[in-house]
>>> print(open('coords-v8.cif').read())   # mmCIF, C-alpha atoms
data_my_file
loop_
_atom_site.label_atom_id
_atom_site.label_comp_id
_atom_site.auth_asym_id
_atom_site.auth_seq_id
_atom_site.Cartn_x
_atom_site.Cartn_y
_atom_site.Cartn_z
CA MET A 1025 197.84 165.37 25.15
CA LEU A 1026 199.05 161.80 24.94
CA ALA A 1027 202.49 161.09 26.34
CA MET A 1028 204.92 159.34 24.04
CA PRO A 1029 206.02 155.93 25.31
CA SER A 1030 209.47 156.05 26.80
CA VAL A 1031 212.34 154.07 25.27
CA SER A 1032 214.50 152.14 27.67
CA PRO A 1033 218.12 153.33 27.82
CA MET A 1034 219.43 149.88 26.86
CA PHE A 1035 217.19 149.66 23.79
CA GLU A 1036 218.12 153.18 22.82
CA GLY A 1037 221.83 152.36 23.16
CA VAL A 1038 221.52 149.23 21.05
CA THR A 1039 219.65 151.17 18.37
CA VAL A 1040 222.31 153.88 18.21
CA ILE A 1041 225.10 151.31 18.05
CA LEU A 1042 223.28 149.29 15.41
CA VAL A 1043 222.89 152.41 13.28
CA ALA A 1044 226.61 153.13 13.80
CA ILE A 1045 227.50 149.58 12.70
CA LEU A 1046 225.38 149.80 9.55
CA GLY A 1047 226.75 153.25 8.76
CA LEU A 1048 230.37 152.16 9.20
CA ALA A 1049 229.69 149.06 7.10
CA VAL A 1050 228.48 151.27 4.25
CA VAL A 1051 231.58 153.47 4.66
CA PHE A 1052 233.81 150.37 4.53
CA ASP A 1053 232.07 149.15 1.39
CA TYR A 1054 232.51 152.57 -0.22
CA VAL A 1055 236.20 152.66 0.71
CA ASN A 1056 236.54 149.07 -0.51
CA GLY A 1057 235.08 150.20 -3.83
CA PHE A 1058 237.60 152.93 -4.55
CA HIS A 1059 240.47 151.05 -2.87
CA ASP A 1060 239.93 147.97 -5.04
CA THR A 1061 238.86 149.68 -8.27
CA ALA A 1062 242.32 148.81 -9.56
CA ASN A 1063 241.51 145.11 -9.27
CA ALA A 1064 239.04 145.38 -12.12
CA ILE A 1065 240.30 148.17 -14.35
CA ALA A 1066 244.04 148.72 -13.89
CA THR A 1067 245.08 146.38 -16.68
CA SER A 1068 242.47 147.60 -19.17
CA VAL A 1069 243.39 151.25 -18.47
CA SER A 1070 247.15 150.66 -18.67
CA THR A 1071 246.80 148.84 -22.02
CA ARG A 1072 244.44 151.56 -23.32
CA ALA A 1073 241.70 149.03 -23.94
CA LEU A 1074 239.39 151.44 -22.13
CA ARG A 1075 239.59 155.11 -21.28
CA PRO A 1076 239.67 155.69 -17.51
CA GLU A 1077 236.15 157.11 -17.36
CA GLN A 1078 234.79 154.21 -19.42
CA ALA A 1079 236.56 151.67 -17.25
CA ILE A 1080 235.22 153.20 -14.03
CA VAL A 1081 231.62 153.26 -15.25
CA LEU A 1082 231.89 149.69 -16.51
CA SER A 1083 233.45 148.55 -13.25
CA ALA A 1084 230.84 150.33 -11.10
CA VAL A 1085 227.93 148.72 -12.96
CA ALA A 1086 229.53 145.26 -13.05
CA ASN A 1087 230.47 145.45 -9.35
CA PHE A 1088 226.83 146.20 -8.50
CA LEU A 1089 225.56 143.28 -10.59
CA GLY A 1090 228.22 140.94 -9.24
CA ALA A 1091 227.13 141.72 -5.68
CA LEU A 1092 223.70 140.29 -6.46
CA THR A 1093 224.97 136.85 -7.47
CA GLY A 1094 224.95 135.10 -4.08
CA THR A 1095 225.45 135.23 -0.31
CA ALA A 1096 227.78 132.29 0.46
CA VAL A 1097 230.71 134.59 1.29
CA ALA A 1098 228.48 136.79 3.46
CA LYS A 1099 227.50 133.77 5.54
CA THR A 1100 231.15 132.84 6.03
CA ILE A 1101 232.04 136.33 7.26
CA GLY A 1102 229.01 136.69 9.52
CA ALA A 1103 228.65 133.18 10.87
CA GLY A 1104 231.67 131.08 9.87
CA LEU A 1105 234.62 132.79 11.55
CA ILE A 1106 233.42 133.67 15.05
CA ASP A 1107 230.85 132.27 17.47
CA GLU A 1108 228.50 135.24 17.63
CA LYS A 1109 226.67 133.83 20.67
CA VAL A 1110 229.88 133.74 22.72
CA VAL A 1111 230.98 137.20 21.58
CA ASN A 1112 227.55 138.78 22.08
CA ALA A 1113 227.36 137.34 25.59
CA ALA A 1114 230.62 139.10 26.43
CA ASP A 1115 229.82 142.22 24.40
CA PRO A 1116 226.03 142.70 24.16
CA HIS A 1117 226.49 146.18 22.64
CA GLN A 1118 228.35 144.71 19.63
CA LEU A 1119 231.21 147.14 20.06
CA TYR A 1120 233.49 144.50 18.56
CA VAL A 1121 231.75 144.93 15.19
CA ILE A 1122 232.32 148.69 15.27
CA ALA A 1123 235.96 148.13 16.23
CA ALA A 1124 236.39 145.59 13.41
CA LEU A 1125 235.10 148.08 10.86
CA ILE A 1126 237.31 150.86 12.24
CA GLY A 1127 240.34 148.59 11.92
CA ALA A 1128 239.48 147.62 8.35
CA ILE A 1129 238.69 151.15 7.20
CA SER A 1130 241.84 152.58 8.80
CA TRP A 1131 244.13 150.03 7.16
CA ASN A 1132 242.43 150.49 3.79
CA LEU A 1133 242.85 154.25 3.91
CA LEU A 1134 246.49 153.96 4.95
CA THR A 1135 247.39 151.54 2.13
CA TRP A 1136 245.38 153.58 -0.37
CA ARG A 1137 247.29 156.70 0.64
CA LEU A 1138 250.56 154.83 0.08
CA GLY A 1139 249.35 153.33 -3.22
CA ILE A 1140 249.77 149.76 -1.96
CA PRO A 1141 247.24 147.19 -3.29
CA SER A 1142 246.47 145.45 -0.01
CA SER A 1143 243.44 143.27 0.65
CA SER A 1144 240.21 144.90 1.84
CA SER A 1145 238.88 141.42 2.53
CA HIS A 1146 241.69 140.48 4.87
CA ALA A 1147 241.54 143.92 6.49
CA LEU A 1148 237.92 143.22 7.46
CA ILE A 1149 238.69 139.67 8.56
CA GLY A 1150 241.71 140.86 10.58
CA GLY A 1151 239.61 143.56 12.21
CA LEU A 1152 236.86 141.09 13.10
CA LEU A 1153 239.31 138.59 14.59
CA GLY A 1154 241.30 141.21 16.51
CA ALA A 1155 238.23 142.82 18.05
CA THR A 1156 236.67 139.43 18.88
CA ILE A 1157 239.78 138.18 20.69
CA VAL A 1158 239.91 141.29 22.89
CA ALA A 1159 236.16 141.21 23.50
CA SER A 1160 235.73 137.55 24.43
CA GLY A 1161 238.98 135.64 24.00
CA VAL A 1162 240.42 133.23 21.46
CA GLY A 1163 237.72 130.68 22.30
CA ALA A 1164 235.18 132.71 20.32
CA ILE A 1165 237.15 132.17 17.11
CA GLN A 1166 235.99 129.27 14.95
CA MET A 1167 239.42 127.99 14.00
CA GLY A 1168 238.08 125.52 11.46
CA GLY A 1169 236.39 128.30 9.52
CA VAL A 1170 239.41 130.61 9.80
CA THR A 1171 241.77 127.88 8.62
CA GLY A 1172 239.63 126.45 5.83
CA LYS A 1173 238.00 129.64 4.53
CA VAL A 1174 240.72 132.25 5.21
CA LEU A 1175 244.24 130.89 5.80
CA VAL A 1176 244.22 128.16 3.15
CA PRO A 1177 242.88 130.49 0.41
CA LEU A 1178 245.25 133.23 1.67
CA VAL A 1179 248.24 131.04 0.81
CA SER A 1180 246.86 129.04 -2.12
CA SER A 1181 244.96 131.64 -4.16
CA PRO A 1182 248.00 133.83 -5.06
CA ILE A 1183 249.97 130.71 -5.97
CA ILE A 1184 247.10 129.50 -8.15
CA GLY A 1185 246.80 132.96 -9.73
CA LEU A 1186 250.53 133.04 -10.47
CA LEU A 1187 250.64 129.54 -11.97
CA VAL A 1188 247.39 129.73 -13.93
CA GLY A 1189 248.24 133.21 -15.23
CA PHE A 1190 251.65 131.94 -16.34
CA GLY A 1191 250.18 128.85 -17.99
CA PHE A 1192 247.31 130.67 -19.69
CA MET A 1193 249.70 133.26 -21.11
CA VAL A 1194 252.02 130.55 -22.44
CA VAL A 1195 249.04 128.92 -24.18
CA LEU A 1196 247.95 132.23 -25.75
CA LEU A 1197 251.46 133.03 -26.94
CA ASN A 1198 251.76 129.62 -28.58
CA VAL A 1199 248.32 129.75 -30.20
CA PHE A 1200 248.99 133.23 -31.64
CA ARG A 1201 252.73 132.90 -32.18
CA ARG A 1202 252.40 133.69 -35.91
CA ALA A 1203 250.04 136.61 -35.46
CA HIS A 1204 251.24 140.09 -36.30
CA PRO A 1205 251.90 141.93 -32.97
CA ALA A 1206 249.88 145.01 -33.94
CA ARG A 1207 246.86 142.96 -35.05
CA LEU A 1208 247.16 140.73 -31.99
CA ASN A 1209 247.12 143.75 -29.66
CA ALA A 1210 244.17 145.28 -31.50
CA ARG A 1211 242.19 142.05 -31.17
CA PHE A 1212 242.90 141.59 -27.48
CA ARG A 1213 242.30 145.26 -26.76
CA ARG A 1214 238.70 144.66 -27.81
CA LEU A 1215 238.52 141.39 -25.88
CA GLN A 1216 239.74 143.20 -22.76
CA VAL A 1217 236.39 144.97 -22.51
CA LEU A 1218 234.88 141.53 -21.85
CA SER A 1219 237.64 140.40 -19.49
CA ALA A 1220 237.46 143.66 -17.51
CA THR A 1221 233.69 143.22 -17.16
CA TYR A 1222 234.22 139.62 -16.05
CA MET A 1223 236.79 140.76 -13.49
CA ALA A 1224 234.51 143.50 -12.11
CA LEU A 1225 231.61 141.07 -11.82
CA SER A 1226 233.78 138.62 -9.88
CA HIS A 1227 235.01 141.40 -7.58
CA GLY A 1228 231.44 142.33 -6.71
CA SER A 1229 230.53 138.67 -6.18
CA ASN A 1230 233.15 138.33 -3.43
CA ASP A 1231 234.01 141.68 -1.91
CA ALA A 1232 230.54 143.22 -1.55
CA GLN A 1233 229.36 140.10 0.27
CA LYS A 1234 231.81 140.68 3.12
CA THR A 1235 230.01 143.85 4.12
CA MET A 1236 226.68 142.08 3.75
CA GLY A 1237 227.95 139.51 6.24
CA VAL A 1238 228.87 142.14 8.84
CA MET A 1239 225.56 143.97 8.47
CA THR A 1240 223.57 140.74 8.70
CA LEU A 1241 225.59 139.70 11.75
CA ALA A 1242 224.61 142.97 13.44
CA LEU A 1243 220.92 142.54 12.60
CA PHE A 1244 220.88 138.90 13.68
CA SER A 1245 222.68 139.62 16.96
CA ALA A 1246 220.23 142.42 17.70
CA GLY A 1247 217.32 140.00 17.19
CA LEU A 1248 215.92 141.92 14.21
CA ILE A 1249 216.07 138.91 11.87
CA PRO A 1250 215.22 135.35 13.00
CA THR A 1251 217.93 133.47 11.03
CA PHE A 1252 221.26 134.32 9.47
CA GLU A 1253 219.93 134.99 5.98
CA VAL A 1254 221.03 138.14 4.18
CA PRO A 1255 217.97 140.40 3.64
CA LEU A 1256 217.45 141.82 0.15
CA PRO A 1257 217.72 145.48 1.33
CA ILE A 1258 221.15 144.69 2.81
CA ILE A 1259 222.26 143.14 -0.49
CA LEU A 1260 221.13 146.23 -2.41
CA VAL A 1261 222.72 148.70 0.05
CA ALA A 1262 226.06 146.86 0.02
CA ALA A 1263 226.04 146.60 -3.75
CA ALA A 1264 225.20 150.29 -4.16
CA ALA A 1265 227.88 151.42 -1.68
CA MET A 1266 230.62 149.42 -3.40
CA SER A 1267 229.46 150.60 -6.82
CA ALA A 1268 229.52 154.23 -5.62
CA GLY A 1269 233.04 153.82 -4.25
CA THR A 1270 234.16 152.20 -7.48
CA SER A 1271 232.86 155.17 -9.46
CA VAL A 1272 235.31 157.45 -7.62
CA GLY A 1273 238.35 155.46 -8.76
CA GLY A 1274 241.53 154.62 -6.89
CA TRP A 1275 244.21 156.12 -9.09
CA ARG A 1276 247.14 155.61 -6.73
CA ILE A 1277 246.65 151.84 -6.67
CA ILE A 1278 245.70 151.71 -10.36
CA ARG A 1279 249.14 153.11 -11.22
CA THR A 1280 250.83 150.47 -9.05
CA MET A 1281 248.82 147.57 -10.44
CA GLY A 1282 248.77 148.63 -14.08
CA GLN A 1283 252.22 150.16 -14.56
CA ARG A 1284 254.70 149.52 -11.77
CA VAL A 1285 254.56 145.71 -11.39
CA VAL A 1286 254.97 144.78 -15.06
CA LYS A 1287 254.47 146.44 -18.44
CA LEU A 1288 251.28 145.02 -19.90
CA ASP A 1289 250.08 144.58 -23.47
CA PRO A 1290 246.39 143.88 -24.18
CA VAL A 1291 246.99 140.13 -24.46
CA HIS A 1292 248.63 140.16 -21.01
CA GLY A 1293 245.76 142.17 -19.54
CA PHE A 1294 243.19 139.79 -21.00
CA ALA A 1295 245.03 136.77 -19.62
CA ALA A 1296 245.44 138.27 -16.14
CA GLU A 1297 241.82 139.43 -15.85
CA THR A 1298 240.36 136.18 -17.16
CA THR A 1299 242.55 134.12 -14.84
CA ALA A 1300 241.76 136.17 -11.75
CA ALA A 1301 238.02 136.45 -12.39
CA THR A 1302 237.65 132.68 -12.87
CA ILE A 1303 239.45 131.95 -9.59
CA ILE A 1304 237.42 134.57 -7.70
CA PHE A 1305 234.08 133.30 -8.99
CA GLY A 1306 235.07 129.79 -7.93
CA ALA A 1307 235.92 131.03 -4.44
CA SER A 1308 232.64 132.96 -4.20
CA HIS A 1309 230.70 129.81 -5.09
CA PHE A 1310 232.32 127.94 -2.18
CA GLY A 1311 231.89 130.83 0.28
CA MET A 1312 235.60 131.66 0.50
CA PRO A 1313 236.30 135.35 1.26
CA VAL A 1314 239.45 135.55 -0.85
CA SER A 1315 241.50 138.64 -1.62
CA THR A 1316 240.68 139.85 -5.11
CA THR A 1317 243.78 142.06 -4.81
CA HIS A 1318 246.06 139.09 -4.12
CA ILE A 1319 244.64 137.10 -7.01
CA ILE A 1320 244.78 139.78 -9.72
CA SER A 1321 248.24 140.88 -8.53
CA SER A 1322 249.61 137.34 -8.67
CA ALA A 1323 247.93 136.74 -12.04
CA ILE A 1324 249.62 139.88 -13.41
CA MET A 1325 252.98 138.63 -12.08
CA GLY A 1326 252.44 135.19 -13.62
CA VAL A 1327 251.46 136.65 -16.98
CA GLY A 1328 254.47 138.97 -16.96
CA ALA A 1329 256.87 136.19 -15.98
CA SER A 1330 255.68 133.98 -18.86
CA GLU A 1331 257.91 135.84 -21.30
CA ARG A 1332 260.88 136.44 -18.99
CA LEU A 1333 261.27 136.67 -15.22
CA SER A 1334 262.99 140.04 -15.47
CA ALA A 1335 259.79 141.54 -16.95
CA VAL A 1336 258.33 141.63 -13.42
CA ARG A 1337 259.58 144.36 -11.11
CA TRP A 1338 260.13 142.01 -8.21
CA GLY A 1339 261.03 144.83 -5.81
CA VAL A 1340 257.56 146.36 -6.22
CA ALA A 1341 256.04 142.88 -6.06
CA GLY A 1342 257.92 142.26 -2.80
CA ASN A 1343 256.46 145.41 -1.24
CA ILE A 1344 252.98 144.20 -2.21
CA VAL A 1345 253.62 140.81 -0.60
CA ILE A 1346 254.79 142.50 2.62
CA ALA A 1347 251.49 144.42 2.70
CA TRP A 1348 249.63 141.13 2.21
CA ILE A 1349 251.40 139.61 5.21
CA LEU A 1350 250.82 142.65 7.41
CA THR A 1351 247.15 143.24 6.58
CA ILE A 1352 245.42 140.78 8.93
CA PRO A 1353 247.60 141.47 12.02
CA ALA A 1354 247.72 145.24 11.38
CA ALA A 1355 243.96 145.62 10.92
CA GLY A 1356 243.47 143.27 13.89
CA ALA A 1357 245.72 145.40 16.10
CA ILE A 1358 243.89 148.62 15.14
CA ALA A 1359 240.56 146.92 15.83
CA ALA A 1360 241.77 145.60 19.19
CA ILE A 1361 242.88 149.07 20.30
CA SER A 1362 239.63 150.57 19.01
CA TYR A 1363 237.62 148.03 21.00
CA ALA A 1364 239.53 148.78 24.18
CA VAL A 1365 238.83 152.49 23.75
CA LEU A 1366 235.14 151.99 22.86
CA ASN A 1367 234.60 149.58 25.72
CA THR A 1368 236.10 152.09 28.17
CA VAL A 1369 233.88 154.90 26.86
CA VAL A 1370 230.63 152.96 26.54
CA GLY A 1371 231.18 150.52 29.37
#
>>> encode(input="coords-v8.cif", output="structure tokens")
Amino acid sequence: MLAMPSVSPMFEGVTVILVAILGLAVVFDYVNGFHDTANAIATSVSTRALRPEQAIVLSAVANFLGALTGTAVAKTIGAGLIDEKVVNAADPHQLYVIAALIGAISWNLLTWRLGIPSSSSHALIGGLLGATIVASGVGAIQMGGVTGKVLVPLVSSPIIGLLVGFGFMVVLLNVFRRAHPARLNARFRRLQVLSATYMALSHGSNDAQKTMGVMTLALFSAGLIPTFEVPLPIILVAAAAMSAGTSVGGWRIIRTMGQRVVKLDPVHGFAAETTAATIIFGASHFGMPVSTTHIISSAIMGVGASERLSAVRWGVAGNIVIAWILTIPAAGAIAAISYAVLNTVVG
């Protein structure tokens, strides 16, 4: 009887950890899907342009298709924020990637439980940065990439969403100022099917790529792919996981986004979705991992403020902004603690 070749303990450990990384990445993408469902469908559900079940199916399909539109954001996440050679030299088991995913998933679940529309993107980025700093120091962070691709869009994209949403809504109100309100709402209720689809496509084009970047980083660091190019199976797995999560729905956050920030009519929903989706697609093209949550939230606020500032419930909006500010450091702190624990156990 032939003896099976033995597997070295190190190779076996790397294999187990790699499987854990890929598994956690799929879990994160699934959580991202139901956490950020509100980004695509909250406005169309709240204005009754779509029934909830219709909106979820539409969003799930469009998220999947959007995830297939490119890999520029994935390359930023996997190769543009940290120096993987420096980190892998300090942490050959890639525990920092596991810790980053734990930090991101934990923060997403906490904010979902509280009904707060925080950023899944910044949760993942915060987790990756926090775990990397503990694993190999600040020197492993590519500050140029963090500043140009994360911090600048973090500040500018909500401002752009607010201003463009405000301006677009003013234009629509002036163009249709003589239209009968009931007929106007009926027309834009139909158009919202298109804008909701556009929004869901843009969400998939940006958010699903972040998980692709983490999974590709793990494969590249393990030497299983020769260059940092996202393999097709990884694209399909990430797209499917996000689509599956989207199909579950995130009703707590949908209520916050669609009802508690500002009362929306179909014309407002169309303006907010069209504004946000256009900004997100632009960011995806340039490889910027922006927060789809920040952009659609700020677009909703801008659209609501176009009629009168008091239309926006600024107290609720303030709570959302606080969550935005806390996301990167909070997810980073959870990831840092997770890395310390994992490193003690494995090391």
>>> closest_residue(input="coords-v8.cif", among="A:Ile1320, A:Leu1243, A:Ala1264, A:Val1238", to="A:Ile1065", atoms="only C-alpha atoms")
A:Ile1320
>>> residues_around(input="coords-v8.cif", residues="A:Ile1358", least_positions_apart="4", cutoff="10 Å", atoms="only C-alpha atoms", output="PyMOL selection string")
chain A and resi 1123-1131+1150-1151+1154-1155+1353-1354+1362-1363
>>> closest_residue(input="coords-v8.cif", among="A:Ala1220, A:Val1195, A:Met1325, A:Ile1045", to="A:Ala1301", atoms="all atoms listed in the file")
A:Ala1220
>>> residues_near_point(input="coords-v8.cif", point="(231.6, 131.6, 19.1)", cutoff="7 Å", atoms="only C-alpha atoms", output="number ranges by chain")
A: 1106-1111, 1163-1166
>>> closest_residue(input="coords-v8.cif", among="A:Thr1071, A:Thr1039, A:Thr1100, A:Thr1171", to="A:Ala1246", atoms="all atoms listed in the file")
A:Thr1039
>>> closest_residue(input="coords-v8.cif", among="A:Val1162, A:Ala1103, A:Ile1324, A:Ile1361", to="A:Phe1252", atoms="only C-alpha atoms")
A:Ala1103
>>> atom_distance(input="coords-v8.cif", atom1="atom CA of A:Val1365", atom2="atom CA of A:Ala1262")
27.5 Å
>>> resolve_selection(input="coords-v8.cif", expression="the PyMOL selection byres ((chain A and resi 1289) around 9)", output="ChimeraX atom specification")
/A:1067,1070-1072,1209,1212-1213,1287-1288,1290-1294
>>> write_last_selection(input="coords-v8.cif", atoms="C-alpha atoms", output="compact mmCIF listing (two decimals), in the coordinates of the input")
# COMPACT_ATOMS: atom_id res chain seq x y z
CA THR A 1067 245.08 146.38 -16.68
CA SER A 1070 247.15 150.66 -18.67
CA THR A 1071 246.80 148.84 -22.02
CA ARG A 1072 244.44 151.56 -23.32
CA ASN A 1209 247.12 143.75 -29.66
CA PHE A 1212 242.90 141.59 -27.48
CA ARG A 1213 242.30 145.26 -26.76
CA LYS A 1287 254.47 146.44 -18.44
CA LEU A 1288 251.28 145.02 -19.90
CA PRO A 1290 246.39 143.88 -24.18
CA VAL A 1291 246.99 140.13 -24.46
CA HIS A 1292 248.63 140.16 -21.01
CA GLY A 1293 245.76 142.17 -19.54
CA PHE A 1294 243.19 139.79 -21.00
>>> residues_around(input="coords-v8.cif", residues="stretch 1074-1090 of chain A", least_positions_apart="2", cutoff="10 Å", atoms="all atoms listed in the file", output="PyMOL selection string")
chain A and resi 1057-1058+1061-1072+1092-1094+1213-1214+1216-1217+1220-1233+1259-1275+1305
>>> atom_distance(input="coords-v8.cif", atom1="atom CA of A:Ala1296", atom2="atom CA of A:Val1055")
24.0 Å
>>> resolve_selection(input="coords-v8.cif", expression="the PyMOL selection byres ((chain A and resi 1303) around 9)", output="MDAnalysis selection string")
chainID A and resid 1181 1184:1185 1226 1298:1302 1304:1308 1319
